[in-house]
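Structure data follow from input.txt (compact mmCIF, C-alpha atoms):
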# COMPACT_ATOMS: atom_id res chain seq x y z
CA MET A 1 116.50 158.68 142.59
CA ARG A 2 115.70 160.05 146.08
CA ALA A 3 118.52 162.54 145.92
CA VAL A 4 117.50 163.63 142.45
CA VAL A 5 113.90 164.22 143.46
CA GLN A 6 114.82 166.02 146.69
CA ASN A 7 117.32 168.25 144.89
CA ASP A 8 114.62 168.88 142.31
CA LYS A 9 112.32 170.12 145.05
CA ARG A 10 114.93 172.50 146.40
CA ARG A 11 116.39 173.88 143.17
CA ALA A 12 114.76 172.86 139.90
CA THR A 13 111.96 174.67 138.14
CA GLY A 14 108.54 173.16 137.50
CA GLY A 15 109.64 172.39 133.93
CA ALA A 16 112.53 170.26 135.18
CA ARG A 17 110.17 168.40 137.48
CA ILE A 18 107.91 167.64 134.52
CA GLY A 19 110.95 166.36 132.66
CA LEU A 20 111.67 163.88 135.45
CA VAL A 21 108.13 162.55 135.35
CA VAL A 22 108.26 162.26 131.55
CA LEU A 23 111.49 160.28 131.95
CA ALA A 24 109.75 158.01 134.46
CA LEU A 25 106.89 157.52 132.04
CA ALA A 26 109.31 156.52 129.31
CA VAL A 27 110.91 153.93 131.58
CA ILE A 28 107.53 152.49 132.54
CA ALA A 29 106.21 152.45 128.97
CA SER A 30 109.30 150.65 127.72
CA GLY A 31 108.57 147.77 130.11
CA CYS A 32 110.00 148.02 133.59
CA ALA A 33 109.84 144.31 134.36
CA GLN A 34 113.02 142.36 134.80
CA PRO A 35 113.61 139.55 132.25
CA ASP A 36 112.27 137.04 134.75
CA GLY A 37 109.02 139.01 135.14
CA GLY A 38 109.98 140.63 138.46
CA GLN A 39 108.87 144.15 139.21
CA VAL A 40 111.23 147.08 139.56
CA ALA A 41 110.53 148.89 142.86
CA PRO A 42 109.56 152.58 142.51
CA ALA A 43 112.09 155.13 143.68
CA GLY A 44 111.82 155.95 147.36
CA GLY A 45 111.35 159.42 148.81
CA GLN A 46 109.43 160.90 145.91
CA GLN A 47 107.91 164.22 146.85
CA PRO A 48 104.57 165.69 145.73
CA LEU A 49 104.80 167.95 142.70
CA ASP A 50 103.27 171.40 142.97
CA ALA A 51 102.77 172.60 139.39
CA PRO A 52 99.42 171.43 137.91
CA PRO A 53 101.00 169.91 134.75
CA ALA A 54 103.56 168.10 136.89
CA ARG A 55 100.84 166.77 139.19
CA ALA A 56 98.89 165.51 136.16
CA LEU A 57 101.96 163.71 134.83
CA ASP A 58 102.73 162.29 138.26
CA SER A 59 99.16 160.98 138.49
CA TYR A 60 99.49 159.41 135.06
CA ALA A 61 102.79 157.80 136.06
CA THR A 62 101.09 156.36 139.14
CA LYS A 63 98.34 154.87 136.98
CA LEU A 64 100.93 153.38 134.62
CA ARG A 65 102.78 151.80 137.52
CA ALA A 66 99.53 150.34 138.84
CA ALA A 67 98.64 148.99 135.39
CA HIS A 68 102.06 147.42 135.03
CA ALA A 69 101.81 145.84 138.49
CA ALA A 70 98.42 144.38 137.50
CA ARG A 71 99.96 143.03 134.29
CA ILE A 72 102.75 141.32 136.26
CA ALA A 73 100.21 139.78 138.64
CA ALA A 74 98.08 138.57 135.71
CA ALA A 75 101.11 137.02 134.00
CA HIS A 76 101.91 135.05 137.16
CA ARG A 77 98.28 134.10 137.67
CA TRP A 78 97.97 132.66 134.15
CA GLY A 79 101.27 130.81 134.28
CA LEU A 80 103.25 132.87 131.77
CA ARG A 81 107.04 132.78 131.82
CA ARG A 82 107.31 136.53 131.21
CA VAL A 83 105.10 139.59 131.31
CA PRO A 84 103.70 140.30 127.81
CA LEU A 85 105.26 143.35 126.19
CA VAL A 86 103.17 146.45 125.64
CA ALA A 87 102.54 147.25 121.98
CA PRO A 88 103.67 150.63 120.62
CA PRO A 89 101.03 153.29 119.92
CA ALA A 90 98.93 152.84 116.80
CA PRO A 91 100.71 154.37 113.81
CA GLY A 92 99.49 157.84 112.90
CA LYS A 93 100.00 157.07 109.23
CA LYS A 94 98.63 153.66 108.34
CA PRO A 95 100.86 151.42 106.23
CA ARG A 96 99.84 150.79 102.64
CA ILE A 97 98.41 147.28 102.44
CA ARG A 98 99.00 145.41 99.20
CA THR A 99 98.19 141.91 98.06
CA ARG A 100 101.04 139.52 98.75
CA LYS A 101 102.89 138.47 95.61
CA GLY A 102 101.47 135.22 94.32
CA PHE A 103 98.14 135.75 96.10
CA GLU A 104 96.59 137.87 93.33
CA VAL A 105 93.62 136.86 91.20
CA ASP A 106 93.02 137.85 87.57
CA GLY A 107 92.06 141.52 87.37
CA HIS A 108 92.90 142.11 91.04
CA ARG A 109 94.27 145.62 90.54
CA GLU A 110 92.00 146.60 87.65
CA LEU A 111 88.88 145.71 89.64
CA ASP A 112 90.29 147.28 92.81
CA LEU A 113 89.61 144.10 94.76
CA PRO A 114 90.42 143.91 98.48
CA PRO A 115 94.08 143.14 99.24
CA VAL A 116 94.96 139.63 100.43
CA PHE A 117 97.93 139.64 102.81
CA THR A 118 99.67 137.61 105.51
CA THR A 119 101.72 140.33 107.23
CA ILE A 120 101.46 144.04 107.96
CA PRO A 121 104.31 146.17 106.56
CA THR A 122 105.76 147.67 109.74
CA ARG A 123 109.05 148.11 111.54
CA ASP A 124 107.27 147.77 114.87
CA LYS A 125 108.20 144.52 116.56
CA VAL A 126 104.60 143.39 116.80
CA VAL A 127 102.55 140.41 115.70
CA PHE A 128 98.77 140.18 115.42
CA LEU A 129 96.61 137.42 116.89
CA THR A 130 93.48 136.40 114.97
CA ILE A 131 91.07 133.66 116.07
CA ASP A 132 88.60 131.93 113.75
CA ASP A 133 85.13 130.40 113.71
CA GLY A 134 83.63 130.57 117.25
CA ALA A 135 83.08 126.89 118.06
CA GLU A 136 84.51 126.98 121.60
CA LYS A 137 83.08 129.49 124.08
CA ASP A 138 85.46 129.26 127.03
CA PRO A 139 84.82 131.91 129.72
CA ALA A 140 88.35 131.39 131.07
CA PHE A 141 89.70 132.59 127.72
CA LEU A 142 87.77 135.87 128.03
CA ARG A 143 89.02 136.38 131.58
CA MET A 144 92.60 135.64 130.57
CA MET A 145 92.63 138.06 127.65
CA SER A 146 90.98 140.76 129.73
CA ASP A 147 93.39 140.28 132.65
CA LEU A 148 96.44 140.39 130.38
CA ASP A 149 95.02 143.17 128.16
CA VAL A 150 96.10 141.33 125.00
CA PRO A 151 94.30 142.38 121.79
CA TYR A 152 93.03 139.92 119.19
CA THR A 153 90.70 139.93 116.20
CA ALA A 154 87.84 137.44 115.82
CA PHE A 155 86.60 136.02 112.50
CA LEU A 156 83.23 134.40 113.17
CA SER A 157 81.06 131.89 111.31
CA GLY A 158 77.34 132.41 111.80
CA TYR A 159 76.27 128.81 112.36
CA LEU A 160 78.78 128.43 115.22
CA VAL A 161 77.98 131.63 117.12
CA LYS A 162 74.23 132.04 116.65
CA ASP A 163 73.31 130.16 119.84
CA ASP A 164 75.50 132.17 122.21
CA ASP A 165 75.27 135.89 121.45
CA ARG A 166 76.12 136.76 125.05
CA TYR A 167 79.63 135.28 124.85
CA PHE A 168 80.57 137.28 121.78
CA ARG A 169 78.92 140.43 123.10
CA GLN A 170 81.18 140.14 126.15
CA MET A 171 84.12 139.76 123.80
CA GLN A 172 83.06 142.81 121.81
CA SER A 173 82.50 144.88 124.98
CA ARG A 174 86.16 144.27 125.89
CA GLY A 175 87.38 145.81 122.65
CA THR A 176 87.58 142.86 120.26
CA VAL A 177 86.36 143.49 116.71
CA LEU A 178 84.05 140.80 115.32
CA ASN A 179 84.68 140.08 111.65
CA ASN A 180 83.37 137.95 108.80
CA HIS A 181 84.22 134.25 108.32
CA THR A 182 81.01 133.43 106.35
CA LEU A 183 77.69 132.04 107.46
CA TRP A 184 78.38 128.31 106.97
CA HIS A 185 82.18 127.99 106.63
CA ARG A 186 82.07 126.50 103.15
CA TYR A 187 84.88 126.09 100.63
CA MET A 188 84.35 129.30 98.72
CA PRO A 189 85.85 128.44 95.29
CA GLY A 190 83.38 125.54 95.13
CA LEU A 191 80.46 127.99 95.13
CA SER A 192 79.13 130.24 92.39
CA TYR A 193 79.54 134.00 92.66
CA ARG A 194 75.95 134.26 93.92
CA GLY A 195 76.57 131.52 96.47
CA GLN A 196 79.70 133.22 97.73
CA ARG A 197 77.92 136.54 97.96
CA ARG A 198 75.16 134.94 100.05
CA GLU A 199 77.78 133.55 102.43
CA ILE A 200 79.64 136.84 102.83
CA CYS A 201 76.81 139.39 102.67
CA GLY A 202 74.64 137.15 104.82
CA MET A 203 77.31 137.17 107.54
CA GLN A 204 77.64 140.94 107.21
CA ARG A 205 73.93 141.30 107.99
CA PHE A 206 74.14 138.69 110.76
CA ILE A 207 76.90 140.58 112.61
CA GLU A 208 75.26 143.95 112.06
CA ARG A 209 71.89 142.76 113.43
CA ARG A 210 73.32 141.03 116.47
CA TYR A 211 76.33 143.16 117.35
CA GLY A 212 75.58 146.55 115.82
CA THR A 213 78.61 146.80 113.52
CA ARG A 214 79.26 145.88 109.90
CA PRO A 215 82.66 144.22 109.38
CA THR A 216 85.25 145.49 106.94
CA LEU A 217 87.55 142.46 107.32
CA PHE A 218 86.86 139.04 105.83
CA ARG A 219 88.76 135.76 106.05
CA PRO A 220 87.69 132.99 103.68
CA PRO A 221 87.34 129.53 105.26
CA PHE A 222 90.53 127.48 104.93
CA GLY A 223 92.18 130.57 103.43
CA SER A 224 90.75 129.52 100.06
CA TYR A 225 89.38 132.05 97.59
CA ASP A 226 89.11 132.89 93.91
CA ARG A 227 88.25 135.95 91.85
CA ALA A 228 84.53 135.54 92.58
CA THR A 229 85.26 135.47 96.34
CA LEU A 230 87.00 138.83 96.27
CA ARG A 231 84.39 140.35 93.95
CA ALA A 232 81.66 139.21 96.34
CA ALA A 233 83.60 140.46 99.35
CA LYS A 234 84.00 143.90 97.80
CA ALA A 235 80.28 144.01 96.90
CA CYS A 236 79.45 143.21 100.53
CA GLY A 237 81.56 146.08 101.91
CA ILE A 238 84.82 144.29 102.72
CA ASP A 239 88.02 146.36 102.56
CA HIS A 240 90.71 143.83 103.54
CA VAL A 241 91.22 140.06 103.41
CA PRO A 242 93.84 139.14 106.05
CA LEU A 243 95.17 135.58 105.90
CA TRP A 244 98.06 134.49 108.16
CA ASN A 245 101.78 133.78 108.22
CA ALA A 246 101.84 131.44 111.22
CA GLU A 247 99.36 129.33 113.16
CA VAL A 248 99.44 128.45 116.85
CA PHE A 249 97.84 125.39 118.44
CA VAL A 250 97.83 124.14 122.02
CA ASP A 251 100.90 121.96 121.48
CA HIS A 252 102.78 123.35 118.47
CA TRP A 253 103.22 126.09 115.88
CA GLU A 254 103.00 125.94 112.08
CA TYR A 255 104.51 128.45 109.64
CA ARG A 256 103.97 129.57 106.08
CA GLU A 257 107.64 130.44 105.58
CA ALA A 258 110.28 127.72 105.21
CA ASP A 259 112.56 129.19 107.89
CA ARG A 260 109.81 128.71 110.51
CA ARG A 261 110.23 131.99 112.34
CA LEU A 262 108.21 135.08 113.19
CA ARG A 263 108.73 138.45 111.55
CA PRO A 264 107.52 141.96 112.47
CA GLY A 265 103.94 142.41 111.33
CA ASP A 266 103.10 138.71 111.04
CA ILE A 267 99.45 137.76 111.35
CA VAL A 268 99.02 134.68 113.53
CA LEU A 269 96.00 132.38 113.19
CA SER A 270 94.36 130.27 115.86
CA HIS A 271 90.86 128.88 116.43
CA PHE A 272 88.16 128.80 119.07
CA ARG A 273 88.80 125.20 120.13
CA GLY A 274 88.52 123.23 123.37
CA ARG A 275 89.61 119.92 124.85
CA GLU A 276 87.36 117.95 122.52
CA GLN A 277 89.44 119.09 119.54
CA TRP A 278 92.81 119.96 121.15
CA LYS A 279 95.06 118.54 123.83
CA GLY A 280 94.16 121.43 126.06
CA ALA A 281 91.98 124.50 126.45
CA MET A 282 92.15 127.94 124.86
CA PRO A 283 94.17 129.42 127.76
CA ASP A 284 96.79 126.74 127.02
CA MET A 285 96.99 127.95 123.43
CA ILE A 286 97.31 131.57 124.55
CA ARG A 287 100.03 130.59 127.00
CA ARG A 288 102.04 128.93 124.22
CA PHE A 289 101.48 131.92 121.95
CA LEU A 290 102.49 134.56 124.50
CA ASN A 291 105.48 132.65 125.85
CA LYS A 292 106.99 132.44 122.38
CA VAL A 293 106.29 135.95 121.12
CA THR A 294 107.37 137.60 124.39
CA THR A 295 110.57 135.59 124.58
CA GLU A 296 111.40 136.68 121.02
CA GLY A 297 110.79 140.33 121.90
CA TYR A 298 107.42 140.79 120.19
CA ALA A 299 104.39 142.63 121.52
CA VAL A 300 100.85 141.79 120.38
CA GLY A 301 99.32 144.62 118.37
CA ARG A 302 95.74 145.34 117.43
CA LEU A 303 95.30 144.48 113.75
CA GLU A 304 92.68 147.14 113.12
CA ASP A 305 95.08 149.85 114.33
CA TYR A 306 97.27 149.21 111.29
CA LEU A 307 94.53 149.14 108.65
Go through the file and emit its structure as structure tokens.
Amino acid sequence: MRAVVQNDKRRATGGARIGLVVLALAVIASGCAQPDGGQVAPAGGQQPLDAPPARALDSYATKLRAAHAARIAAAHRWGLRRVPLVAPPAPGKKPRIRTRKGFEVDGHRELDLPPVFTTIPTRDKVVFLTIDDGAEKDPAFLRMMSDLDVPYTAFLSGYLVKDDDRYFRQMQSRGTVLNNHTLWHRYMPGLSYRGQRREICGMQRFIERRYGTRPTLFRPPFGSYDRATLRAAKACGIDHVPLWNAEVFVDHWEYREADRRLRPGDIVLSHFRGREQWKGAMPDMIRRFLNKVTTEGYAVGRLEDYL
């Protein structure tokens, strides 16, 4: 690399220099860690670039290298086997989301009810982490997710989060979208339409008052819903009803599909739980989640980027 850069300084045009930096960016963006999480050393003898566009690209490359080094350090600090993969850019054209076959309700299409789905149709090798309810408020979890820069989507229940707004504001300030999991986490098909609407619309108002945004995603408690649930969700401003295709706990995984494996676009469920409910803490669950998905070549995408 030294010879290439020095020859570039003597002979190549500014455009060729930019090309070298773009190539370096591509290498970094594709994940320049070794399989064991080690860092690839930057090329020695790199010379300053004179053209303004080249200098801008070189500066960007330097920032990417620093970010990747921080990611490696965070992976070691949190006890991961490998450095989490970086998700591809958000798709410019969003995939068309349809209700999964067998998950429809009567009149689903005719009433234009929100789609119910367990995966995102994509060829990107990504999965999506979603975390429900809000019972456990572990500050180590927030630090871990911030250090590793791993996106996730929260589905909150009002009665569990109302006494600790600060925790979820911190979560929101770090880029996590707070979505609707009802006020009281009740079994929705056991309620009337009016009861379901109170649960969903009430949580819409709760999140808007406390966090300044009105959710467009709703997950029914236990994944249980009926026609009235989706009618109420639509009336309350919900666009999508994501369920899940796999669930991760501290000590094991569970799967919807019989072959028990992950697929591109799978939505993964977990919960805000601590040692009182699990055999470990939330960072232990995240460690299990990331070790598996990274080993299988998956990055963690941001669900909202695909909707």
Near Gly134 (chain A), counting only C-alpha atoms, which residues have an atom at most 10 Å away, once you skip same-chain residues fewer than 4 positions from it, shown as a list in words? Ala154, Phe155, Leu156, Ser157, Gly158, Tyr159, Leu160, Val161, Lys162, Asp164, Tyr167, Phe168, His181, His271, Phe272 and Arg273 of chain A
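The coordinates place CA of Glu296 (chain A) at 18.7 Å from CA of Asp284 (chain A).
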Please list as a ChimeraX atom specification every residue within 12 Å of region 91-108 of chain A, counting only C-alpha atoms and excluding residues in the same chain fewer than 4 positions away. /A:87,112-124,223-231,234,239-245,265,301-307
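The coordinates place CA of Gly175 (chain A) at 25.7 Å from CA of Phe222 (chain A).
Coordinates place CA of Ser146 (chain A) at a distance of 12.6 Å from CA of Ala67 (chain A).
Among the candidates A:Leu64, A:Ala56, A:Val150, A:Val83, the one nearest to Ile286 (chain A) when counting all atoms listed in the file is A:Val150.
Within the 10 Å cut-off around Leu178 (chain A), using only C-alpha atoms and omitting residues fewer than 5 positions from it on the same chain, the listed residues are Tyr152, Thr153, Ala154, Phe155, Leu156, Phe168, Arg169, Met171, Gln172, Ile207, Glu208, Tyr211, Thr213, Arg214, Pro215, Thr216 and Leu217 of chain A.
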When you count all atoms listed in the file, which of these residues is closest to Glu199 (chain A): A:Val177, A:Ala232, A:Leu57, A:Ala75? A:Ala232
Please list as a PyMOL selection string every residue within 7 Å of Leu269 (chain A), counting all atoms listed in the file and excluding residues in the same chain fewer than 5 positions away. chain A and resi 129-131+244+246-248
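Minimum distance to Arg82 (chain A) across A:Ala66, A:Val293, A:Met145, A:Ile200 (counting all atoms listed in the file) occurs at A:Val293.
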Would you pick out the contacts of Gly79 (chain A) at 10 Å or less, using all atoms listed in the file, so that residues sharing its chain but fewer than 2 positions from it are not included, and give the list as a VMD selection string? chain A and resid 74 to 77 81 to 82 283 to 284 287 291
